[in-house]
$ cat run-v1.txt   # compact mmCIF, C-alpha atoms and all ligand atoms
# COMPACT_ATOMS: atom_id res chain seq x y z
CA MET A 494 59.82 127.86 -163.93
CA LYS A 495 61.18 124.59 -162.63
CA ASN A 496 58.51 122.04 -163.37
CA HIS A 497 59.43 118.53 -162.43
CA SER A 498 55.93 117.18 -163.14
CA HIS A 499 56.54 117.34 -166.89
CA SER A 500 59.60 115.19 -166.56
CA LEU A 501 58.13 112.65 -164.13
CA SER A 502 61.15 113.58 -162.01
CA HIS A 503 63.57 112.03 -164.42
CA PRO A 504 66.89 111.60 -162.56
CA ALA A 505 69.06 113.35 -165.17
CA TRP A 506 68.32 116.73 -166.72
CA ILE A 507 69.51 119.93 -168.42
CA GLU A 508 69.20 123.34 -166.74
CA ILE A 509 69.03 126.47 -168.86
CA ASN A 510 69.19 129.92 -167.30
CA LEU A 511 67.23 132.20 -169.61
CA SER A 512 68.05 135.39 -167.75
CA GLN A 513 71.74 134.85 -168.50
CA PHE A 514 70.76 134.32 -172.15
CA ALA A 515 68.99 137.70 -172.09
CA ASN A 516 72.12 139.23 -170.50
CA ASN A 517 74.25 137.83 -173.33
CA LEU A 518 71.95 139.33 -175.95
CA ARG A 519 72.14 142.69 -174.17
CA ALA A 520 75.95 142.49 -174.14
CA ILE A 521 76.00 141.71 -177.87
CA ARG A 522 73.62 144.62 -178.53
CA GLN A 523 75.97 146.96 -176.68
CA GLN A 524 78.85 145.71 -178.78
CA ILE A 525 77.08 146.20 -182.13
CA GLY A 526 75.44 149.57 -181.49
CA GLN A 527 72.54 150.43 -183.78
CA ARG A 528 72.84 147.36 -185.99
CA LYS A 529 70.24 144.60 -186.10
CA LEU A 530 70.66 141.36 -184.17
CA CYS A 531 69.77 138.04 -185.79
CA LEU A 532 69.81 134.95 -183.58
CA PRO A 533 70.73 131.71 -185.38
CA ILE A 534 68.57 129.17 -183.62
CA LYS A 535 69.08 126.09 -185.78
CA ALA A 536 69.46 122.52 -184.45
CA ASN A 537 67.06 123.13 -181.56
CA ALA A 538 68.98 126.29 -180.66
CA TYR A 539 72.19 124.25 -180.40
CA GLY A 540 70.42 121.83 -178.07
CA HIS A 541 69.08 124.57 -175.77
CA GLY A 542 65.44 124.28 -176.97
CA ILE A 543 64.28 126.32 -179.95
CA ILE A 544 60.96 127.73 -178.67
CA PRO A 545 62.02 129.01 -175.21
CA LEU A 546 65.15 130.55 -176.69
CA ALA A 547 63.23 132.19 -179.52
CA GLN A 548 60.70 133.66 -177.08
CA THR A 549 63.42 134.97 -174.76
CA ALA A 550 65.37 136.40 -177.69
CA ILE A 551 62.29 138.26 -178.90
CA SER A 552 61.60 139.78 -175.48
CA ALA A 553 65.29 140.76 -175.31
CA GLY A 554 64.84 142.63 -178.60
CA ALA A 555 66.25 140.30 -181.27
CA ASP A 556 65.26 141.56 -184.73
CA TYR A 557 65.59 138.32 -186.67
CA LEU A 558 65.81 134.57 -186.17
CA ALA A 559 67.78 132.33 -188.50
CA VAL A 560 67.18 128.62 -189.01
CA SER A 561 68.63 126.00 -191.25
CA CYS A 562 65.52 124.52 -192.84
CA LEU A 563 61.75 124.63 -193.36
CA GLN A 564 61.10 122.23 -190.47
CA GLU A 565 62.67 124.61 -187.95
CA GLY A 566 61.01 127.69 -189.39
CA ALA A 567 57.60 126.02 -189.38
CA LEU A 568 58.06 125.02 -185.73
CA LEU A 569 58.66 128.65 -184.79
CA ARG A 570 55.68 129.94 -186.79
CA LYS A 571 53.39 127.27 -185.27
CA ALA A 572 54.50 128.51 -181.83
CA GLY A 573 53.16 131.93 -182.79
CA ILE A 574 56.47 133.64 -183.53
CA LYS A 575 55.93 136.56 -185.85
CA ILE A 576 59.35 138.22 -186.31
CA PRO A 577 61.31 137.68 -189.55
CA ILE A 578 62.87 134.22 -189.90
CA LEU A 579 65.66 133.60 -192.38
CA VAL A 580 66.18 130.07 -193.68
CA MET A 581 69.93 129.80 -194.27
CA GLY A 582 69.98 126.36 -195.91
CA ALA A 583 69.54 125.76 -199.62
CA ILE A 584 66.05 125.67 -201.11
CA HIS A 585 64.51 122.33 -202.00
CA GLU A 586 61.98 122.47 -204.79
CA ASP A 587 59.37 120.33 -203.05
CA GLN A 588 59.42 122.63 -199.99
CA ILE A 589 58.93 125.97 -201.74
CA THR A 590 55.14 126.11 -201.33
CA GLU A 591 55.41 125.57 -197.59
CA LEU A 592 58.37 127.93 -197.19
CA LEU A 593 56.16 130.64 -198.72
CA ALA A 594 53.09 129.66 -196.71
CA TYR A 595 54.99 130.04 -193.43
CA GLU A 596 56.32 133.43 -194.59
CA LEU A 597 59.93 132.43 -194.14
CA GLU A 598 62.67 134.49 -195.78
CA LEU A 599 64.71 132.48 -198.26
CA SER A 600 68.40 132.40 -199.08
CA ILE A 601 68.89 132.65 -202.81
CA SER A 602 72.13 131.20 -204.14
CA SER A 603 71.39 130.59 -207.81
CA LEU A 604 69.28 131.80 -210.70
CA PHE A 605 67.91 128.29 -211.09
CA LYS A 606 66.47 128.22 -207.54
CA ALA A 607 65.24 131.81 -207.85
CA GLN A 608 63.26 130.86 -210.95
CA LEU A 609 61.76 127.85 -209.21
CA VAL A 610 60.59 130.11 -206.38
CA ALA A 611 59.27 132.70 -208.83
CA LYS A 612 57.17 130.04 -210.52
CA LYS A 613 55.49 129.10 -207.22
CA CYS A 614 55.15 132.75 -206.22
CA GLN A 615 52.86 133.45 -209.17
CA HIS A 616 50.16 131.48 -207.38
CA SER A 617 50.60 133.48 -204.19
CA SER A 618 49.39 136.97 -203.44
CA HIS A 619 52.29 138.34 -201.36
CA ARG A 620 55.88 139.00 -202.30
CA CYS A 621 58.57 136.64 -201.14
CA ARG A 622 61.29 138.22 -199.02
CA VAL A 623 64.68 136.87 -200.05
CA HIS A 624 68.32 137.26 -199.04
CA LEU A 625 70.92 137.01 -201.78
CA GLU A 626 73.67 134.75 -200.48
CA ILE A 627 77.13 135.48 -201.82
CA ASP A 628 79.96 133.01 -201.44
CA THR A 629 83.02 134.98 -200.41
CA GLY A 630 85.06 131.86 -199.65
CA MET A 631 83.16 129.35 -197.53
CA GLN A 632 82.48 127.18 -200.61
CA ARG A 633 79.25 125.82 -199.13
CA THR A 634 76.26 127.67 -200.56
CA GLY A 635 76.06 131.09 -202.14
CA VAL A 636 76.60 132.54 -205.58
CA ARG A 637 80.10 133.70 -206.55
CA PRO A 638 80.51 137.50 -206.52
CA GLU A 639 81.06 137.51 -210.34
CA SER A 640 77.67 135.88 -210.92
CA ALA A 641 75.88 137.68 -208.12
CA ILE A 642 75.13 140.83 -210.13
CA GLU A 643 73.07 139.01 -212.73
CA LEU A 644 71.17 137.18 -209.98
CA LEU A 645 70.63 140.39 -208.02
CA ASN A 646 69.26 142.13 -211.11
CA TYR A 647 66.87 139.25 -211.70
CA LEU A 648 65.64 139.43 -208.07
CA ILE A 649 65.13 143.19 -208.35
CA LYS A 650 63.29 142.94 -211.66
CA GLU A 651 61.02 140.00 -210.75
CA PRO A 652 57.92 141.51 -209.06
CA CYS A 653 57.33 138.55 -206.75
CA PHE A 654 60.60 139.17 -204.87
CA GLU A 655 61.56 141.69 -202.26
CA VAL A 656 65.33 141.75 -201.69
CA ALA A 657 65.33 141.89 -197.89
CA GLY A 658 68.98 141.05 -197.43
CA VAL A 659 72.39 140.35 -198.93
CA TYR A 660 74.71 138.14 -196.93
CA SER A 661 77.73 135.89 -196.81
CA HIS A 662 79.32 133.55 -194.26
CA LEU A 663 82.80 133.60 -192.74
CA ALA A 664 84.83 130.39 -192.80
CA THR A 665 87.76 131.25 -190.52
CA ALA A 666 86.59 134.02 -188.19
CA ASP A 667 86.82 131.80 -185.11
CA LYS A 668 90.45 132.94 -184.83
CA PRO A 669 91.40 136.61 -184.38
CA ASN A 670 93.60 138.29 -187.03
CA ASN A 671 92.98 135.65 -189.63
CA GLU A 672 94.06 136.66 -193.10
CA PHE A 673 91.32 134.81 -194.95
CA ALA A 674 88.62 136.30 -192.71
CA HIS A 675 89.91 139.78 -193.64
CA HIS A 676 89.85 138.76 -197.29
CA GLN A 677 86.21 137.60 -197.05
CA ILE A 678 85.18 140.82 -195.28
CA GLN A 679 86.87 142.91 -198.00
CA THR A 680 85.26 140.86 -200.80
CA PHE A 681 81.83 141.33 -199.23
CA LYS A 682 82.40 145.04 -198.60
CA LYS A 683 83.47 145.58 -202.19
CA PHE A 684 80.31 143.91 -203.47
CA ILE A 685 78.10 146.01 -201.19
CA ASP A 686 79.91 149.26 -202.04
CA THR A 687 79.81 148.62 -205.78
CA HIS A 688 76.40 147.06 -206.32
CA ILE A 689 74.16 147.86 -203.34
CA LYS A 690 75.12 151.34 -202.09
CA ASN A 691 74.21 152.98 -205.39
CA SER A 692 71.19 150.85 -206.19
CA ASN A 693 67.57 151.72 -205.49
CA ILE A 694 67.16 148.88 -202.98
CA SER A 695 68.30 148.95 -199.34
CA PRO A 696 68.64 145.35 -198.19
CA ILE A 697 70.06 144.36 -194.79
CA CYS A 698 73.71 143.44 -195.42
CA HIS A 699 75.01 140.83 -192.97
CA LEU A 700 78.12 138.74 -192.55
CA ALA A 701 79.31 138.33 -188.95
CA ASN A 702 78.95 135.03 -187.08
CA SER A 703 80.20 134.69 -183.47
CA GLY A 704 83.83 134.98 -184.52
CA GLY A 705 82.98 138.06 -186.58
CA VAL A 706 81.25 139.73 -183.63
CA CYS A 707 84.13 138.88 -181.27
CA TYR A 708 87.16 139.64 -183.42
CA TYR A 709 86.16 141.55 -186.59
CA PRO A 710 84.16 144.75 -185.97
CA GLU A 711 84.53 145.60 -189.68
CA SER A 712 82.31 142.57 -190.42
CA TYR A 713 79.22 143.99 -188.67
CA PHE A 714 77.54 145.80 -191.63
CA ASP A 715 73.75 146.15 -190.93
CA MET A 716 73.10 142.99 -188.91
CA VAL A 717 75.08 140.25 -187.11
CA ARG A 718 74.32 136.52 -186.71
CA PRO A 719 76.12 135.20 -183.61
CA GLY A 720 74.89 131.76 -182.52
CA LEU A 721 77.47 130.28 -180.17
CA LEU A 722 78.34 133.65 -178.64
CA ALA A 723 74.70 134.32 -177.71
CA LEU A 724 74.79 131.04 -175.80
CA GLY A 725 77.77 132.29 -173.82
CA TYR A 726 80.68 130.55 -175.55
CA PHE A 727 83.62 132.10 -177.35
CA PRO A 728 85.16 130.69 -180.50
CA GLU A 729 88.61 131.14 -178.94
CA ARG A 730 89.74 131.16 -175.33
CA THR A 731 89.97 134.95 -175.39
CA THR A 732 86.84 136.64 -174.05
CA PRO A 733 86.41 140.13 -175.49
CA LEU A 734 82.83 140.61 -174.19
CA SER A 735 83.07 140.37 -170.42
CA GLU A 736 79.37 140.09 -169.47
CA ILE A 737 78.84 137.00 -171.62
CA ALA A 738 78.48 133.66 -169.82
CA SER A 739 77.17 130.20 -170.62
CA PHE A 740 73.92 129.03 -169.02
CA PHE A 741 73.59 125.35 -169.96
CA SER A 742 74.23 122.67 -167.30
CA VAL A 743 73.79 118.91 -167.30
CA LYS A 744 72.98 117.30 -163.95
CA ALA A 745 71.87 113.95 -162.55
CA LYS A 746 71.22 112.14 -159.31
CA ILE A 747 73.38 109.23 -158.19
CA ALA A 748 71.41 106.09 -158.96
CA TYR A 749 73.49 103.40 -157.28
CA PHE A 750 76.49 102.92 -155.04
CA LYS A 751 78.76 99.99 -154.36
CA VAL A 752 82.19 99.09 -153.03
CA VAL A 753 84.32 97.19 -155.54
CA SER A 754 87.49 95.34 -154.59
CA ALA A 755 90.88 95.95 -156.22
CA ASN A 756 91.62 94.62 -159.73
CA CYS A 757 87.97 94.45 -160.73
CA GLY A 758 86.78 95.25 -164.31
CA ILE A 759 84.08 97.90 -164.68
CA GLY A 760 81.35 97.93 -167.36
CA TYR A 761 81.25 96.67 -170.96
CA GLY A 762 84.54 95.20 -172.10
CA HIS A 763 86.10 95.78 -168.67
CA THR A 764 88.11 98.65 -170.17
CA TYR A 765 88.92 99.88 -166.66
CA LYS A 766 90.26 97.88 -163.71
CA THR A 767 90.19 99.21 -160.14
CA LYS A 768 93.64 99.71 -158.66
CA THR A 769 92.51 99.57 -155.05
CA GLN A 770 89.23 98.90 -153.32
CA SER A 771 86.97 101.68 -154.68
CA ARG A 772 83.59 103.22 -154.23
CA ILE A 773 81.82 103.18 -157.58
CA VAL A 774 78.66 105.21 -158.23
CA THR A 775 76.32 104.75 -161.18
CA ILE A 776 74.80 107.82 -162.82
CA PRO A 777 71.65 107.51 -164.93
CA LEU A 778 72.58 109.03 -168.29
CA GLY A 779 74.65 107.87 -171.24
CA TYR A 780 75.23 108.17 -174.95
CA GLY A 781 71.50 107.51 -175.50
CA ASP A 782 70.98 111.01 -174.07
CA GLY A 783 73.84 112.61 -175.97
CA TYR A 784 76.49 112.21 -173.25
CA ARG A 785 79.23 111.03 -175.58
CA ARG A 786 80.78 107.58 -175.46
CA ALA A 787 84.15 109.16 -176.25
CA LEU A 788 84.15 110.24 -172.59
CA SER A 789 84.72 106.61 -171.54
CA ASN A 790 87.71 106.47 -169.14
CA LYS A 791 88.35 110.13 -169.96
CA GLY A 792 85.57 112.40 -168.70
CA GLN A 793 85.04 113.69 -165.19
CA VAL A 794 81.98 114.66 -163.15
CA LEU A 795 81.48 116.81 -160.06
CA ILE A 796 80.18 115.40 -156.80
CA ARG A 797 80.23 117.59 -153.68
CA GLY A 798 82.23 120.13 -155.66
CA LYS A 799 85.04 117.69 -156.45
CA ARG A 800 86.11 116.09 -159.73
CA HIS A 801 85.84 112.31 -160.10
CA PRO A 802 86.73 110.18 -163.13
CA ILE A 803 84.37 108.22 -165.34
CA VAL A 804 85.54 104.59 -165.24
CA GLY A 805 84.77 102.02 -167.91
CA ASN A 806 82.83 102.65 -171.09
CA VAL A 807 79.92 105.08 -171.16
CA CYS A 808 76.79 102.90 -171.61
CA MET A 809 73.65 103.91 -173.48
CA ASP A 810 71.83 104.85 -170.31
CA GLN A 811 74.37 104.89 -167.48
CA ILE A 812 77.92 105.73 -166.53
CA MET A 813 80.11 104.63 -163.65
CA VAL A 814 82.29 106.99 -161.64
CA ASP A 815 85.06 106.13 -159.19
CA VAL A 816 84.76 108.32 -156.10
CA GLY A 817 87.84 106.74 -154.51
CA GLY A 818 87.43 106.71 -150.76
CA ASP A 819 85.00 109.66 -150.69
CA GLU A 820 81.64 109.45 -149.03
CA THR A 821 78.62 109.94 -151.30
CA TYR A 822 75.00 108.90 -151.17
CA VAL A 823 72.43 107.67 -153.64
CA GLY A 824 70.27 110.63 -154.71
CA GLU A 825 73.05 113.20 -154.40
CA GLU A 826 73.44 115.68 -157.25
CA VAL A 827 76.12 115.14 -159.87
CA VAL A 828 77.16 117.88 -162.31
CA LEU A 829 78.33 116.65 -165.71
CA ILE A 830 78.54 120.07 -167.39
CA GLY A 831 78.49 123.22 -165.28
CA ARG A 832 79.41 124.49 -161.85
CA GLN A 833 79.17 122.88 -158.43
CA LYS A 834 80.53 124.74 -155.39
CA ASN A 835 83.90 126.15 -156.48
CA GLU A 836 84.58 123.70 -159.28
CA GLU A 837 83.34 123.71 -162.88
CA ILE A 838 83.38 121.29 -165.79
CA THR A 839 83.11 123.39 -168.91
CA LEU A 840 81.58 122.48 -172.24
CA GLU A 841 84.93 123.25 -173.86
CA GLU A 842 86.60 120.63 -171.66
CA ILE A 843 84.02 118.02 -172.63
CA ALA A 844 84.52 118.90 -176.31
CA GLU A 845 88.28 118.57 -175.95
CA TRP A 846 87.95 115.16 -174.28
CA CYS A 847 85.75 114.10 -177.20
CA ASP A 848 88.16 115.56 -179.75
CA THR A 849 85.42 117.76 -181.21
CA ILE A 850 83.97 121.28 -180.93
CA SER A 851 81.48 122.65 -178.38
CA TYR A 852 78.79 122.95 -181.05
CA GLU A 853 78.69 119.20 -181.65
CA ILE A 854 78.42 118.35 -177.94
CA LEU A 855 75.51 120.78 -177.47
CA CYS A 856 73.60 119.55 -180.53
CA GLY A 857 74.01 115.95 -179.40
CA PHE A 858 71.70 116.24 -176.38
CA ASN A 859 68.29 114.91 -177.37
CA ASP A 860 64.91 115.03 -175.67
CA ARG A 861 65.31 112.22 -173.18
CA LEU A 862 66.93 114.63 -170.76
CA PRO A 863 64.19 117.08 -169.79
CA ARG A 864 65.16 120.75 -170.05
CA PHE A 865 64.38 123.06 -167.15
CA TYR A 866 64.26 126.78 -167.83
CA LEU A 867 65.26 128.94 -164.89
C1 LIG A 901 75.32 128.62 -187.98
C2 LIG A 901 75.46 129.86 -188.73
C3 LIG A 901 75.72 131.07 -188.05
C4 LIG A 901 76.05 131.12 -186.58
O1 LIG A 901 77.33 130.60 -186.34
P1 LIG A 901 78.06 130.73 -184.95
O2 LIG A 901 79.42 130.24 -185.18
O3 LIG A 901 77.30 129.88 -183.98
O4 LIG A 901 78.01 132.17 -184.55
C5 LIG A 901 75.73 132.23 -188.79
N1 LIG A 901 75.51 132.22 -190.13
C6 LIG A 901 75.28 131.07 -190.81
C7 LIG A 901 75.07 131.13 -192.28
C8 LIG A 901 75.27 129.86 -190.14
O5 LIG A 901 75.07 128.73 -190.81

$ encode --input "run-v1.txt" --output "structure tokens"
Amino acid sequence: MKNHSHSLSHPAWIEINLSQFANNLRAIRQQIGQRKLCLPIKANAYGHGIIPLAQTAISAGADYLAVSCLQEGALLRKAGIKIPILVMGAIHEDQITELLAYELELSISSLFKAQLVAKKCQHSSHRCRVHLEIDTGMQRTGVRPESAIELLNYLIKEPCFEVAGVYSHLATADKPNNEFAHHQIQTFKKFIDTHIKNSNISPICHLANSGGVCYYPESYFDMVRPGLLALGYFPERTTPLSEIASFFSVKAKIAYFKVVSANCGIGYGHTYKTKTQSRIVTIPLGYGDGYRRALSNKGQVLIRGKRHPIVGNVCMDQIMVDVGGDETYVGEEVVLIGRQKNEEITLEEIAEWCDTISYEILCGFNDRLPRFYL
């Protein structure tokens, strides 16, 4: 599906291998058995492109999609996606009418918000499917377990609601054997056992994020919500699911080449000076695309399967790389994230160089780099 015409052959791009994505979803399915699989697809599917990933996930058998806000849910519905979509973010009063119109499932975290929704529902013919969000320790959104019973009873009693789910979110499951993660799982389990098991409703109970799926099988309940893991990355360096692999690469073509003499400053601020006579190549992407400026004098790229350092500051649209004495030509392919021959620059490495997490690097890539789906 490589289609360069859409990109006007832009000289820097992202490649996304959807068949590996489908493999990852299959591997997760194997791991979770009969439970449902919800794909969190917020923030443009962590920079991978929300619509192609949603479509692939649906053909691979995902049961649910989860987004952060109305905007993302509406985008999916406008693309013709019919499967259930959970909005995980808090409800904003002025968006309720549209949330209902797009048939998105809402997260309910307070009686106040539930009543606002109920008021709007009275003008609508169908019932609103909601998920009761319980805060078991994330302290972000969600009702405390003590207050959740009253809210649950209200949702059950109010005819406009259908309690489709009950969920919570893990704060520390990215590490195996974490005490607080165990505590959250137990708190959630206790709530389900006490208030849901013996009730006359049968909502989907869900808790596990990627860390939960990787390291806490007791967090699976009826459905799991792994985002990062579905994209082929593990919260920790340990890799419990062997078939999972990442499928996101960033590539470019060398735009310019020159020989620079020793002791010569490179780029804005001359933050790098050549030690010897060097071959410097210019690569046509920069922080304006989401390739982070923190990689200045720190990051590396692959050319002909070999690592070379970024020299000088990352510019908005270009970076410079010192290839030492190596031969390279204008137009040759450079890999900024991904594999080339026997060498690989991983997303985790980039994140470490930027002193951040993989998630933030992925979300940072905007639409100037065209995305090619293989
Ligand atoms: C983002 C998010 C997820 C997915 O998190 P990962 O760490 O990518 O698996 C799951 N649940 C909620 C509520 C989220 O906000």

$ residues_near_ligand --input "run-v1.txt" --ligand "ligand LIG 901 (chain A)" --cutoff "10 Å" --atoms "only C-alpha atoms and all ligand atoms" --output "CSV table (one decimal) with C-alpha atoms, in the coordinates of the input"
chain,number,residue,atom,x,y,z
A,531,CYS,CA,69.8,138.0,-185.8
A,532,LEU,CA,69.8,135.0,-183.6
A,533,PRO,CA,70.7,131.7,-185.4
A,534,ILE,CA,68.6,129.2,-183.6
A,535,LYS,CA,69.1,126.1,-185.8
A,536,ALA,CA,69.5,122.5,-184.4
A,538,ALA,CA,69.0,126.3,-180.7
A,539,TYR,CA,72.2,124.2,-180.4
A,559,ALA,CA,67.8,132.3,-188.5
A,560,VAL,CA,67.2,128.6,-189.0
A,561,SER,CA,68.6,126.0,-191.2
A,579,LEU,CA,65.7,133.6,-192.4
A,580,VAL,CA,66.2,130.1,-193.7
A,581,MET,CA,69.9,129.8,-194.3
A,582,GLY,CA,70.0,126.4,-195.9
A,600,SER,CA,68.4,132.4,-199.1
A,626,GLU,CA,73.7,134.8,-200.5
A,631,MET,CA,83.2,129.4,-197.5
A,633,ARG,CA,79.2,125.8,-199.1
A,634,THR,CA,76.3,127.7,-200.6
A,635,GLY,CA,76.1,131.1,-202.1
A,660,TYR,CA,74.7,138.1,-196.9
A,661,SER,CA,77.7,135.9,-196.8
A,662,HIS,CA,79.3,133.6,-194.3
A,663,LEU,CA,82.8,133.6,-192.7
A,664,ALA,CA,84.8,130.4,-192.8
A,665,THR,CA,87.8,131.2,-190.5
A,666,ALA,CA,86.6,134.0,-188.2
A,667,ASP,CA,86.8,131.8,-185.1
A,699,HIS,CA,75.0,140.8,-193.0
A,700,LEU,CA,78.1,138.7,-192.6
A,701,ALA,CA,79.3,138.3,-189.0
A,702,ASN,CA,79.0,135.0,-187.1
A,703,SER,CA,80.2,134.7,-183.5
A,704,GLY,CA,83.8,135.0,-184.5
A,705,GLY,CA,83.0,138.1,-186.6
A,706,VAL,CA,81.2,139.7,-183.6
A,707,CYS,CA,84.1,138.9,-181.3
A,717,VAL,CA,75.1,140.2,-187.1
A,718,ARG,CA,74.3,136.5,-186.7
A,719,PRO,CA,76.1,135.2,-183.6
A,720,GLY,CA,74.9,131.8,-182.5
A,721,LEU,CA,77.5,130.3,-180.2
A,722,LEU,CA,78.3,133.6,-178.6
A,723,ALA,CA,74.7,134.3,-177.7
A,724,LEU,CA,74.8,131.0,-175.8
A,726,TYR,CA,80.7,130.6,-175.6
A,727,PHE,CA,83.6,132.1,-177.4
A,728,PRO,CA,85.2,130.7,-180.5
A,852,TYR,CA,78.8,123.0,-181.0

$ residues_around --input "run-v1.txt" --residues "Arg522 in chain A" --least-positions-apart "3" --cutoff "12 Å" --atoms "only C-alpha atoms" --output "ChimeraX atom specification"
/A:515-519,525-532,550,553-556,706,713,716-719,722-723,734,736-737

$ atom_distance --input "run-v1.txt" --atom1 "CA of Ala745 in chain A" --atom2 "CA of Val827 in chain A"
5.2 Å

$ residues_around --input "run-v1.txt" --residues "His616 in chain A" --least-positions-apart "6" --cutoff "12 Å" --atoms "only C-alpha atoms" --output "VMD selection string"
chain A and resid 589 to 590 593 to 594 610 653

$ residues_around --input "run-v1.txt" --residues "Leu778 in chain A" --least-positions-apart "3" --cutoff "9 Å" --atoms "all atoms listed in the file" --output "PyMOL selection string"
chain A and resi 504-506+745+781-784+807-812+862

$ closest_residue --input "run-v1.txt" --among "A:Glu655, A:Glu643, A:Glu596, A:Glu845" --to "Ile574 in chain A" --atoms "only C-alpha atoms"
A:Glu596

$ residues_around --input "run-v1.txt" --residues "Ile854 in chain A" --least-positions-apart "6" --cutoff "10 Å" --atoms "all atoms listed in the file" --output "number ranges by chain"
A: 539-540, 783-785, 840-841, 843-844, 847
